[in-house]
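Source file: query-v3.cif (mmCIF, C-alpha atoms)
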data_data
#
loop_
_atom_site.group_PDB
_atom_site.id
_atom_site.type_symbol
_atom_site.label_atom_id
_atom_site.label_comp_id
_atom_site.auth_asym_id
_atom_site.auth_seq_id
_atom_site.Cartn_x
_atom_site.Cartn_y
_atom_site.Cartn_z
ATOM 1 C CA MET U 1 149.265 115.759 17.025
ATOM 2 C CA SER U 2 147.402 115.142 20.294
ATOM 3 C CA SER U 3 146.759 111.461 20.809
ATOM 4 C CA SER U 4 143.543 111.824 22.858
ATOM 5 C CA ASN U 5 141.281 112.568 19.887
ATOM 6 C CA SER U 6 142.771 109.760 17.838
ATOM 7 C CA THR U 7 142.251 107.371 20.740
ATOM 8 C CA ILE U 8 138.565 108.242 21.104
ATOM 9 C CA ARG U 9 138.086 108.022 17.342
ATOM 10 C CA TYR U 10 138.702 104.267 17.285
ATOM 11 C CA LEU U 11 136.515 103.360 20.273
ATOM 12 C CA SER U 12 133.107 101.693 19.988
ATOM 13 C CA PRO U 13 130.072 104.023 20.264
ATOM 14 C CA PHE U 14 129.419 103.001 23.900
ATOM 15 C CA ALA U 15 133.080 103.269 24.826
ATOM 16 C CA SER U 16 133.246 106.606 23.044
ATOM 17 C CA SER U 17 130.376 107.969 25.125
ATOM 18 C CA GLN U 18 132.135 106.817 28.289
ATOM 19 C CA ALA U 19 135.379 108.338 27.067
ATOM 20 C CA VAL U 20 133.619 111.666 26.638
ATOM 21 C CA LEU U 21 132.254 111.472 30.188
ATOM 22 C CA PHE U 22 135.380 110.176 31.869
ATOM 23 C CA GLY U 23 137.912 111.587 29.456
ATOM 24 C CA SER U 24 137.142 115.114 30.534
ATOM 25 C CA ASN U 25 137.005 116.624 33.979
ATOM 26 C CA SER U 26 134.972 119.602 32.846
ATOM 27 C CA ALA U 27 131.976 120.714 34.868
ATOM 28 C CA THR U 28 129.655 119.564 32.078
ATOM 29 C CA ALA U 29 131.162 116.070 31.932
ATOM 30 C CA THR U 30 131.083 115.749 35.724
ATOM 31 C CA SER U 31 127.453 116.874 35.836
ATOM 32 C CA SER U 32 126.479 114.395 33.109
ATOM 33 C CA LEU U 33 128.309 111.585 34.881
ATOM 34 C CA ARG U 34 126.605 112.290 38.189
ATOM 35 C CA THR U 35 123.257 112.346 36.415
ATOM 36 C CA LEU U 36 124.001 108.815 35.196
ATOM 37 C CA ILE U 37 125.030 107.762 38.701
ATOM 38 C CA ASP U 38 121.816 109.130 40.204
ATOM 39 C CA ALA U 39 119.745 107.465 37.476
ATOM 40 C CA ALA U 40 121.096 103.984 38.245
ATOM 41 C CA ASN U 41 118.351 101.846 39.799
ATOM 42 C CA GLY U 42 120.529 99.105 41.200
ATOM 43 C CA PHE U 43 124.051 97.942 41.865
ATOM 44 C CA GLU U 44 124.581 96.316 38.468
ATOM 45 C CA GLU U 45 123.296 99.384 36.640
ATOM 46 C CA LEU U 46 125.690 101.500 38.641
ATOM 47 C CA MET U 47 128.579 99.188 37.810
ATOM 48 C CA GLY U 48 127.675 99.572 34.151
ATOM 49 C CA VAL U 49 128.448 103.285 34.378
ATOM 50 C CA ILE U 50 132.073 102.545 35.312
ATOM 51 C CA PRO U 51 134.448 102.043 32.358
ATOM 52 C CA GLN U 52 135.217 98.397 31.664
ATOM 53 C CA GLU U 53 138.909 98.585 32.542
ATOM 54 C CA PHE U 54 138.128 99.767 36.093
ATOM 55 C CA ARG U 55 134.836 97.964 36.654
ATOM 56 C CA LEU U 56 136.084 94.697 38.105
ATOM 57 C CA SER U 57 138.556 96.449 40.396
ATOM 58 C CA LEU U 58 135.892 98.764 41.827
ATOM 59 C CA ARG U 59 133.229 96.090 42.270
ATOM 60 C CA GLU U 60 134.742 94.822 45.523
ATOM 61 C CA PRO U 61 135.085 98.180 47.334
ATOM 62 C CA LEU U 62 131.615 99.287 46.218
ATOM 63 C CA ALA U 63 130.151 95.939 47.309
ATOM 64 C CA ALA U 64 131.868 96.386 50.687
ATOM 65 C CA ILE U 65 130.214 99.805 51.011
ATOM 66 C CA GLY U 66 126.902 98.123 50.215
ATOM 67 C CA LYS U 67 127.380 95.552 52.972
ATOM 68 C CA LEU U 68 128.097 98.295 55.495
ATOM 69 C CA ALA U 69 125.019 100.200 54.320
ATOM 70 C CA GLU U 70 122.895 97.069 54.706
ATOM 71 C CA LYS U 71 124.146 96.638 58.273
ATOM 72 C CA LEU U 72 123.487 100.307 59.013
ATOM 73 C CA VAL U 73 119.908 100.038 57.776
ATOM 74 C CA ALA U 74 119.368 96.906 59.887
ATOM 75 C CA ALA U 75 120.844 98.606 62.960
ATOM 76 C CA ARG U 76 118.595 101.640 62.498
ATOM 77 C CA THR U 77 115.555 99.381 62.174
ATOM 78 C CA SER U 78 116.467 97.527 65.364
ATOM 79 C CA LEU U 79 116.991 100.820 67.176
ATOM 80 C CA ARG U 80 113.572 102.117 66.112
ATOM 81 C CA LYS U 81 111.917 98.937 67.388
ATOM 82 C CA LEU U 82 113.706 99.130 70.733
ATOM 83 C CA GLU U 83 112.797 102.799 71.136
ATOM 84 C CA ALA U 84 109.175 101.990 70.266
ATOM 85 C CA HIS U 85 109.110 99.385 73.058
ATOM 86 C CA ASN U 86 110.618 101.919 75.440
ATOM 87 C CA THR U 87 107.968 104.509 74.532
ATOM 88 C CA ALA U 88 105.115 102.014 74.824
ATOM 89 C CA GLY U 89 106.395 100.588 78.089
ATOM 90 C CA THR U 90 106.706 97.109 76.592
ATOM 91 C CA LEU U 91 109.640 94.745 76.248
ATOM 92 C CA PRO U 92 111.183 93.128 73.165
ATOM 93 C CA PRO U 93 110.866 89.322 72.905
ATOM 94 C CA THR U 94 114.432 88.820 74.136
ATOM 95 C CA LEU U 95 113.503 90.404 77.478
ATOM 96 C CA GLN U 96 110.060 88.881 77.933
ATOM 97 C CA ALA U 97 111.109 85.926 80.081
ATOM 98 C CA LYS U 98 108.927 85.370 83.125
ATOM 99 C CA ALA U 99 110.127 86.507 86.501
ATOM 100 C CA PRO U 100 111.674 83.714 88.576
ATOM 101 C CA SER U 101 109.171 81.998 90.825
ATOM 102 C CA VAL U 102 109.513 80.591 94.320
ATOM 103 C CA ALA U 103 107.616 77.467 95.297
ATOM 104 C CA PHE U 104 105.729 77.942 98.554
ATOM 105 C CA SER U 105 103.816 75.501 100.671
ATOM 106 C CA LYS U 106 100.055 75.549 100.258
ATOM 107 C CA GLU U 107 99.620 77.037 103.702
ATOM 108 C CA PHE U 108 102.108 79.877 103.174
ATOM 109 C CA ALA U 109 101.251 80.642 99.527
ATOM 110 C CA ASP U 110 98.119 82.633 100.391
ATOM 111 C CA THR U 111 99.699 84.769 103.105
ATOM 112 C CA ASP U 112 100.556 88.454 102.772
ATOM 113 C CA ASP U 113 104.239 87.637 103.190
ATOM 114 C CA ALA U 114 104.150 85.276 100.217
ATOM 115 C CA LYS U 115 102.357 87.865 98.092
ATOM 116 C CA ALA U 116 104.885 90.535 99.108
ATOM 117 C CA ALA U 117 107.753 88.218 98.194
ATOM 118 C CA ARG U 118 106.266 87.472 94.765
ATOM 119 C CA ASP U 119 105.595 91.170 94.118
ATOM 120 C CA ALA U 120 109.158 92.087 95.103
ATOM 121 C CA ILE U 121 110.638 89.459 92.773
ATOM 122 C CA SER U 122 108.370 90.570 89.913
ATOM 123 C CA ALA U 123 109.154 94.265 90.436
ATOM 124 C CA ARG U 124 112.877 93.584 90.579
ATOM 125 C CA HIS U 125 112.648 91.474 87.411
ATOM 126 C CA LYS U 126 110.740 94.224 85.580
ATOM 127 C CA SER U 127 113.197 96.855 86.770
ATOM 128 C CA THR U 128 116.103 94.745 85.561
ATOM 129 C CA ALA U 129 114.442 94.178 82.184
ATOM 130 C CA THR U 130 113.753 97.904 81.807
ATOM 131 C CA SER U 131 117.368 98.664 82.643
ATOM 132 C CA ASP U 132 118.484 96.031 80.139
ATOM 133 C CA LEU U 133 116.302 97.673 77.486
ATOM 134 C CA ALA U 134 117.970 101.026 78.151
ATOM 135 C CA ASP U 135 121.380 99.369 77.800
ATOM 136 C CA MET U 136 120.286 97.719 74.539
ATOM 137 C CA ILE U 137 119.133 101.075 73.149
ATOM 138 C CA LYS U 138 122.439 102.699 74.072
ATOM 139 C CA ALA U 139 124.423 99.853 72.514
ATOM 140 C CA LYS U 140 122.380 99.994 69.313
ATOM 141 C CA LYS U 141 122.854 103.775 69.110
ATOM 142 C CA ASP U 142 126.599 103.227 69.409
ATOM 143 C CA GLU U 143 126.446 100.699 66.577
ATOM 144 C CA VAL U 144 124.473 103.085 64.348
ATOM 145 C CA ARG U 145 126.957 105.875 65.056
ATOM 146 C CA TYR U 146 129.895 103.586 64.283
ATOM 147 C CA LEU U 147 128.429 102.456 60.958
ATOM 148 C CA GLU U 148 127.478 106.009 59.991
ATOM 149 C CA GLU U 149 131.048 107.113 60.629
ATOM 150 C CA ALA U 150 132.275 104.232 58.466
ATOM 151 C CA LEU U 151 130.193 105.617 55.594
ATOM 152 C CA THR U 152 131.190 109.277 55.718
ATOM 153 C CA PRO U 153 132.381 110.765 52.403
ATOM 154 C CA THR U 154 135.970 110.667 53.663
ATOM 155 C CA LYS U 155 135.762 106.962 54.544
ATOM 156 C CA ILE U 156 134.050 106.159 51.247
ATOM 157 C CA ALA U 157 136.751 108.007 49.317
ATOM 158 C CA THR U 158 139.471 106.139 51.194
ATOM 159 C CA THR U 159 137.830 102.853 50.204
ATOM 160 C CA GLY U 160 138.221 103.524 46.493
ATOM 161 C CA LEU U 161 141.063 105.960 45.846
ATOM 162 C CA GLY U 162 143.840 103.454 46.435
ATOM 163 C CA VAL U 163 142.121 100.869 44.244
ATOM 164 C CA ILE U 164 141.775 103.344 41.371
ATOM 165 C CA ALA U 165 145.403 104.442 41.668
ATOM 166 C CA ALA U 166 146.625 100.842 41.716
ATOM 167 C CA ARG U 167 144.546 99.892 38.689
ATOM 168 C CA TYR U 168 145.747 102.936 36.758
ATOM 169 C CA ALA U 169 149.375 102.063 37.535
ATOM 170 C CA GLU U 170 148.688 98.523 36.324
ATOM 171 C CA LEU U 171 147.125 99.662 33.049
ATOM 172 C CA LYS U 172 149.449 102.544 32.208
ATOM 173 C CA PRO U 173 152.419 100.594 30.765
ATOM 174 C CA SER U 174 150.251 98.677 28.296
ATOM 175 C CA ARG U 175 148.160 101.676 27.330
ATOM 176 C CA GLN U 176 150.871 103.925 25.937
ATOM 177 C CA VAL U 177 149.750 105.830 22.855
ATOM 178 C CA PRO U 178 151.911 107.072 19.981
ATOM 179 C CA SER U 179 152.626 110.674 19.160
ATOM 180 C CA TYR U 180 153.108 111.638 15.515
ATOM 181 C CA ASN U 181 154.868 114.190 13.413
ATOM 182 C CA ALA U 182 152.875 117.036 11.895
ATOM 183 C CA ALA U 183 152.027 115.009 8.813
ATOM 184 C CA GLU U 184 151.038 112.002 10.909
ATOM 185 C CA THR U 185 153.349 109.842 8.846
ATOM 186 C CA GLU U 186 155.791 108.860 11.553
ATOM 187 C CA VAL U 187 155.636 107.849 15.197
ATOM 188 C CA THR U 188 157.820 110.259 17.096
ATOM 189 C CA GLY U 189 157.391 108.755 20.541
ATOM 190 C CA TRP U 190 155.134 107.175 23.123
ATOM 191 C CA GLU U 191 153.253 108.777 25.970
ATOM 192 C CA ASP U 192 150.730 107.951 28.668
ATOM 193 C CA ASP U 193 147.195 107.587 27.375
ATOM 194 C CA PRO U 194 145.547 110.911 28.297
ATOM 195 C CA VAL U 195 142.068 109.362 28.155
ATOM 196 C CA LEU U 196 143.058 106.630 30.611
ATOM 197 C CA LYS U 197 144.638 109.191 32.911
ATOM 198 C CA SER U 198 141.594 111.438 32.749
ATOM 199 C CA THR U 199 139.333 108.434 33.365
ATOM 200 C CA ALA U 200 141.255 107.522 36.509
ATOM 201 C CA THR U 201 141.115 111.130 37.690
ATOM 202 C CA SER U 202 137.380 111.339 37.017
ATOM 203 C CA LEU U 203 136.764 108.118 38.928
ATOM 204 C CA LYS U 204 138.686 109.501 41.899
ATOM 205 C CA VAL U 205 136.701 112.741 41.803
ATOM 206 C CA ASN U 206 133.367 110.928 41.542
ATOM 207 C CA PHE U 207 133.973 107.803 43.599
ATOM 208 C CA VAL U 208 132.163 109.265 46.598
ATOM 209 C CA SER U 209 129.116 109.769 44.369
ATOM 210 C CA PHE U 210 129.288 106.098 43.360
ATOM 211 C CA GLY U 211 129.602 105.054 46.998
ATOM 212 C CA ARG U 212 126.776 107.278 48.187
ATOM 213 C CA ARG U 213 124.526 105.862 45.474
ATOM 214 C CA VAL U 214 125.206 102.344 46.742
ATOM 215 C CA VAL U 215 124.211 103.482 50.248
ATOM 216 C CA GLU U 216 121.045 105.050 48.846
ATOM 217 C CA PHE U 217 120.007 101.742 47.263
ATOM 218 C CA HIS U 218 119.805 100.144 50.707
ATOM 219 C CA GLU U 219 118.191 103.173 52.334
ATOM 220 C CA MET U 220 115.517 103.319 49.634
ATOM 221 C CA ARG U 221 114.833 99.596 49.979
ATOM 222 C CA ALA U 222 114.399 100.056 53.734
ATOM 223 C CA ARG U 223 111.986 102.963 53.204
ATOM 224 C CA VAL U 224 109.926 100.900 50.773
ATOM 225 C CA ASN U 225 109.801 98.007 53.248
ATOM 226 C CA ASP U 226 108.678 100.390 56.004
ATOM 227 C CA MET U 227 105.958 101.772 53.735
ATOM 228 C CA VAL U 228 104.754 98.258 52.896
ATOM 229 C CA ILE U 229 104.648 97.282 56.579
ATOM 230 C CA THR U 230 102.810 100.496 57.490
ATOM 231 C CA LYS U 231 100.288 99.923 54.702
ATOM 232 C CA LYS U 232 99.702 96.330 55.811
ATOM 233 C CA ARG U 233 99.076 97.518 59.362
ATOM 234 C CA GLU U 234 96.634 100.155 58.130
ATOM 235 C CA VAL U 235 94.769 97.570 56.050
ATOM 236 C CA GLN U 236 94.688 95.162 58.995
ATOM 237 C CA ALA U 237 93.438 97.903 61.320
ATOM 238 C CA ALA U 238 90.714 98.828 58.831
ATOM 239 C CA ALA U 239 89.742 95.166 58.492
ATOM 240 C CA ASN U 240 89.598 94.764 62.272
ATOM 241 C CA ALA U 241 87.449 97.882 62.564
ATOM 242 C CA ALA U 242 85.115 96.543 59.889
ATOM 243 C CA MET U 243 84.871 93.220 61.729
ATOM 244 C CA ASP U 244 84.039 95.047 64.955
ATOM 245 C CA VAL U 245 81.236 96.895 63.162
ATOM 246 C CA ASP U 246 79.952 93.623 61.714
ATOM 247 C CA VAL U 247 79.961 92.033 65.154
ATOM 248 C CA GLU U 248 78.115 94.993 66.640
ATOM 249 C CA LEU U 249 75.543 94.898 63.866
ATOM 250 C CA SER U 250 75.124 91.164 64.305
ATOM 251 C CA VAL U 251 74.480 91.577 68.020
ATOM 252 C CA GLU U 252 72.006 94.360 67.319
ATOM 253 C CA ASP U 253 70.283 92.233 64.711
ATOM 254 C CA ARG U 254 70.009 89.361 67.149
ATOM 255 C CA VAL U 255 68.496 91.644 69.778
ATOM 256 C CA ASN U 256 66.016 93.047 67.272
ATOM 257 C CA ARG U 257 65.032 89.577 66.166
ATOM 258 C CA ALA U 258 64.554 88.494 69.768
ATOM 259 C CA VAL U 259 62.378 91.540 70.452
ATOM 260 C CA ASP U 260 60.355 90.922 67.310
ATOM 261 C CA LYS U 261 59.895 87.279 68.239
ATOM 262 C CA ALA U 262 58.813 88.141 71.769
ATOM 263 C CA SER U 263 56.429 90.793 70.458
ATOM 264 C CA ALA U 264 54.943 88.356 67.981
ATOM 265 C CA ALA U 265 54.477 85.740 70.697
ATOM 266 C CA LEU U 266 52.825 88.283 72.978
ATOM 267 C CA ALA U 267 50.532 89.472 70.205
ATOM 268 C CA LYS U 268 49.526 85.914 69.414
ATOM 269 C CA LYS U 269 48.800 85.248 73.074
ATOM 270 C CA LEU U 270 46.626 88.356 73.293
ATOM 271 C CA GLU U 271 44.749 87.310 70.167
ATOM 272 C CA LYS U 272 43.921 83.964 71.742
ATOM 273 C CA LYS U 273 42.645 85.667 74.877
ATOM 274 C CA LEU U 274 40.468 87.977 72.806
ATOM 275 C CA GLU U 275 39.059 85.030 70.901
ATOM 276 C CA LYS U 276 37.950 83.488 74.166
#
In structure tokens, how does this file's structure come out?
Amino acid sequence: MSSSNSTIRYLSPFASSQAVLFGSNSATATSSLRTLIDAANGFEELMGVIPQEFRLSLREPLAAIGKLAEKLVAARTSLRKLEAHNTAGTLPPTLQAKAPSVAFSKEFADTDDAKAARDAISARHKSTATSDLADMIKAKKDEVRYLEEALTPTKIATTGLGVIAARYAELKPSRQVPSYNAAETEVTGWEDDPVLKSTATSLKVNFVSFGRRVVEFHEMRARVNDMVITKKREVQAAANAAMDVDVELSVEDRVNRAVDKASAALAKKLEKKLEK
């Protein structure tokens, strides 16, 4: 008798559902598993999809993928900011130091030569800062490219495949299952647990999906943060525009009141003249 069905039979309901997903490498099981992976809303939820016997072993490599993804998101954000400065013709805070100054005597300070010297120093400083900004952008692009290459499907797979194989080799001796005679009255031998083997195989096949989901957590968080920042800027811009309108209306009101007051004073003066 096959031992796989008898193994699943004695599992808890939750473990049984995992055994069905991981214990088969059919297209249906793989599709269902990837649906669970995509439905996970955070790292701990994703870890909960992994069978208990492999969960602790895979936590470290998946966490390492998460750290790389976090660094990639930060590098992309920094690159966007630097490129925005470059487009706007401004400088990031790290390059906003004042140009070096030269102390001149009072008599020389107002001469054309002094002005030319100051302008030359300032222009050279700005040119250097602009060149430094270009170098910073190039360096940040290199960093983004490096981190993206570290998170390719091939690199992600390499991160986990060895861990899964090592854990399976560790579990296999203690997870032997019996085989029985036709009447199931005698143990005729021992063999590798087919469910455990299929679970390890399924984890290898789907590890890239687990890794990519971890990357997506950080990318989604970055997108949400960008949306929040954009919304705050829009609200602030709207508030500033409203304040400008209020100021304009206040000025107009003051002018109108002044005109009304002057008109009233003039009318009163005319009335007095008419009375005379």
Practice prompt. Check which residues satisfy the PyMOL selection byres ((chain U and resi 83) around 12) in the file shown, then give them as a count of residues only.
Written response: 25
Practice prompt. Measure the distance from CA of Val205 in chain U to CA of Ala64 in chain U in Å and round it to one decimal.
Written response: 19.2 Å
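Residue nearest Lys98 in chain U within the list U:Arg223, U:Lys71, U:Lys126, U:Arg212: U:Lys126 [criterion: smallest interatomic distance, all atoms listed in the file].
Atom pair CA of Ala75 in chain U / CA of Gly160 in chain U: separated by 24.4 Å.
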Discussion item. Would you pick out the contacts of range 44-50 of chain U at 8 Å or less, using all atoms listed in the file, so that residues sharing its chain but fewer than 6 positions from it are not included, and give the list as a ChimeraX atom specification?
Written reply: /U:18,36-37,59,210
Discussion item. Give me the residues near Pro100 in chain U as a PyMOL selection string, where near means some atom within 8 Å (using only C-alpha atoms) and where sequence neighbours in that chain fewer than 5 positions away do not count.
Written reply: chain U and resi 121-122+125
Worksheet, complete the sentence: Correct to one decimal, the distance CA of Leu58 in chain U-CA of Ile156 in chain U is 12.1 Å
Where's the centre, and what are the edge lengths in Å to one decimal, of a box along x, y and z enclosing all listed atoms of range 215-218 of chain U padded 6 Å per side, as lines of an AutoDock Vina configuration file?
center_x = 122.0
center_y = 102.6
center_z = 49.0
size_x = 16.4
size_y = 16.9
size_z = 15.4
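On the file presented, the PyMOL selection byres ((chain U and resi 168) around 10) picks out Glu53, Phe54, Gly162, Val163, Ile164, Ala165, Ala166, Arg167, Ala169, Glu170, Leu171, Lys172, Pro173, Arg175, Leu196, Lys197, Thr199, Ala200 and Thr201 of chain U.
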Worksheet item: Of the candidates U:Gln96, U:Ser209, U:Thr28, U:Asn41, which one gets nearest to Leu62 in chain U if we count all atoms listed in the file?
Response: U:Ser209
Discussion item. I need the output of the PyMOL selection byres ((chain U and resi 219) around 12) for this file as a list in words; which residues are they?
Written reply: Gly66, Lys67, Leu68, Ala69, Glu70, Lys71, Leu72, Val73, Ala74, Ala75, Arg76, Thr77, Arg212, Arg213, Val214, Val215, Glu216, Phe217, His218, Met220, Arg221, Ala222, Arg223, Val224, Asn225 and Asp226 of chain U
Fill in: Who sits within 6 Å of Val177 in chain U, only C-alpha atoms, same chain under 4 positions skipped, as a ChimeraX atom specification
/U:190-191,193
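Across U:Asn206, U:Ser127, U:Thr35, U:Thr188, the tightest approach to Leu161 in chain U is made by U:Asn206 when counting only C-alpha atoms.
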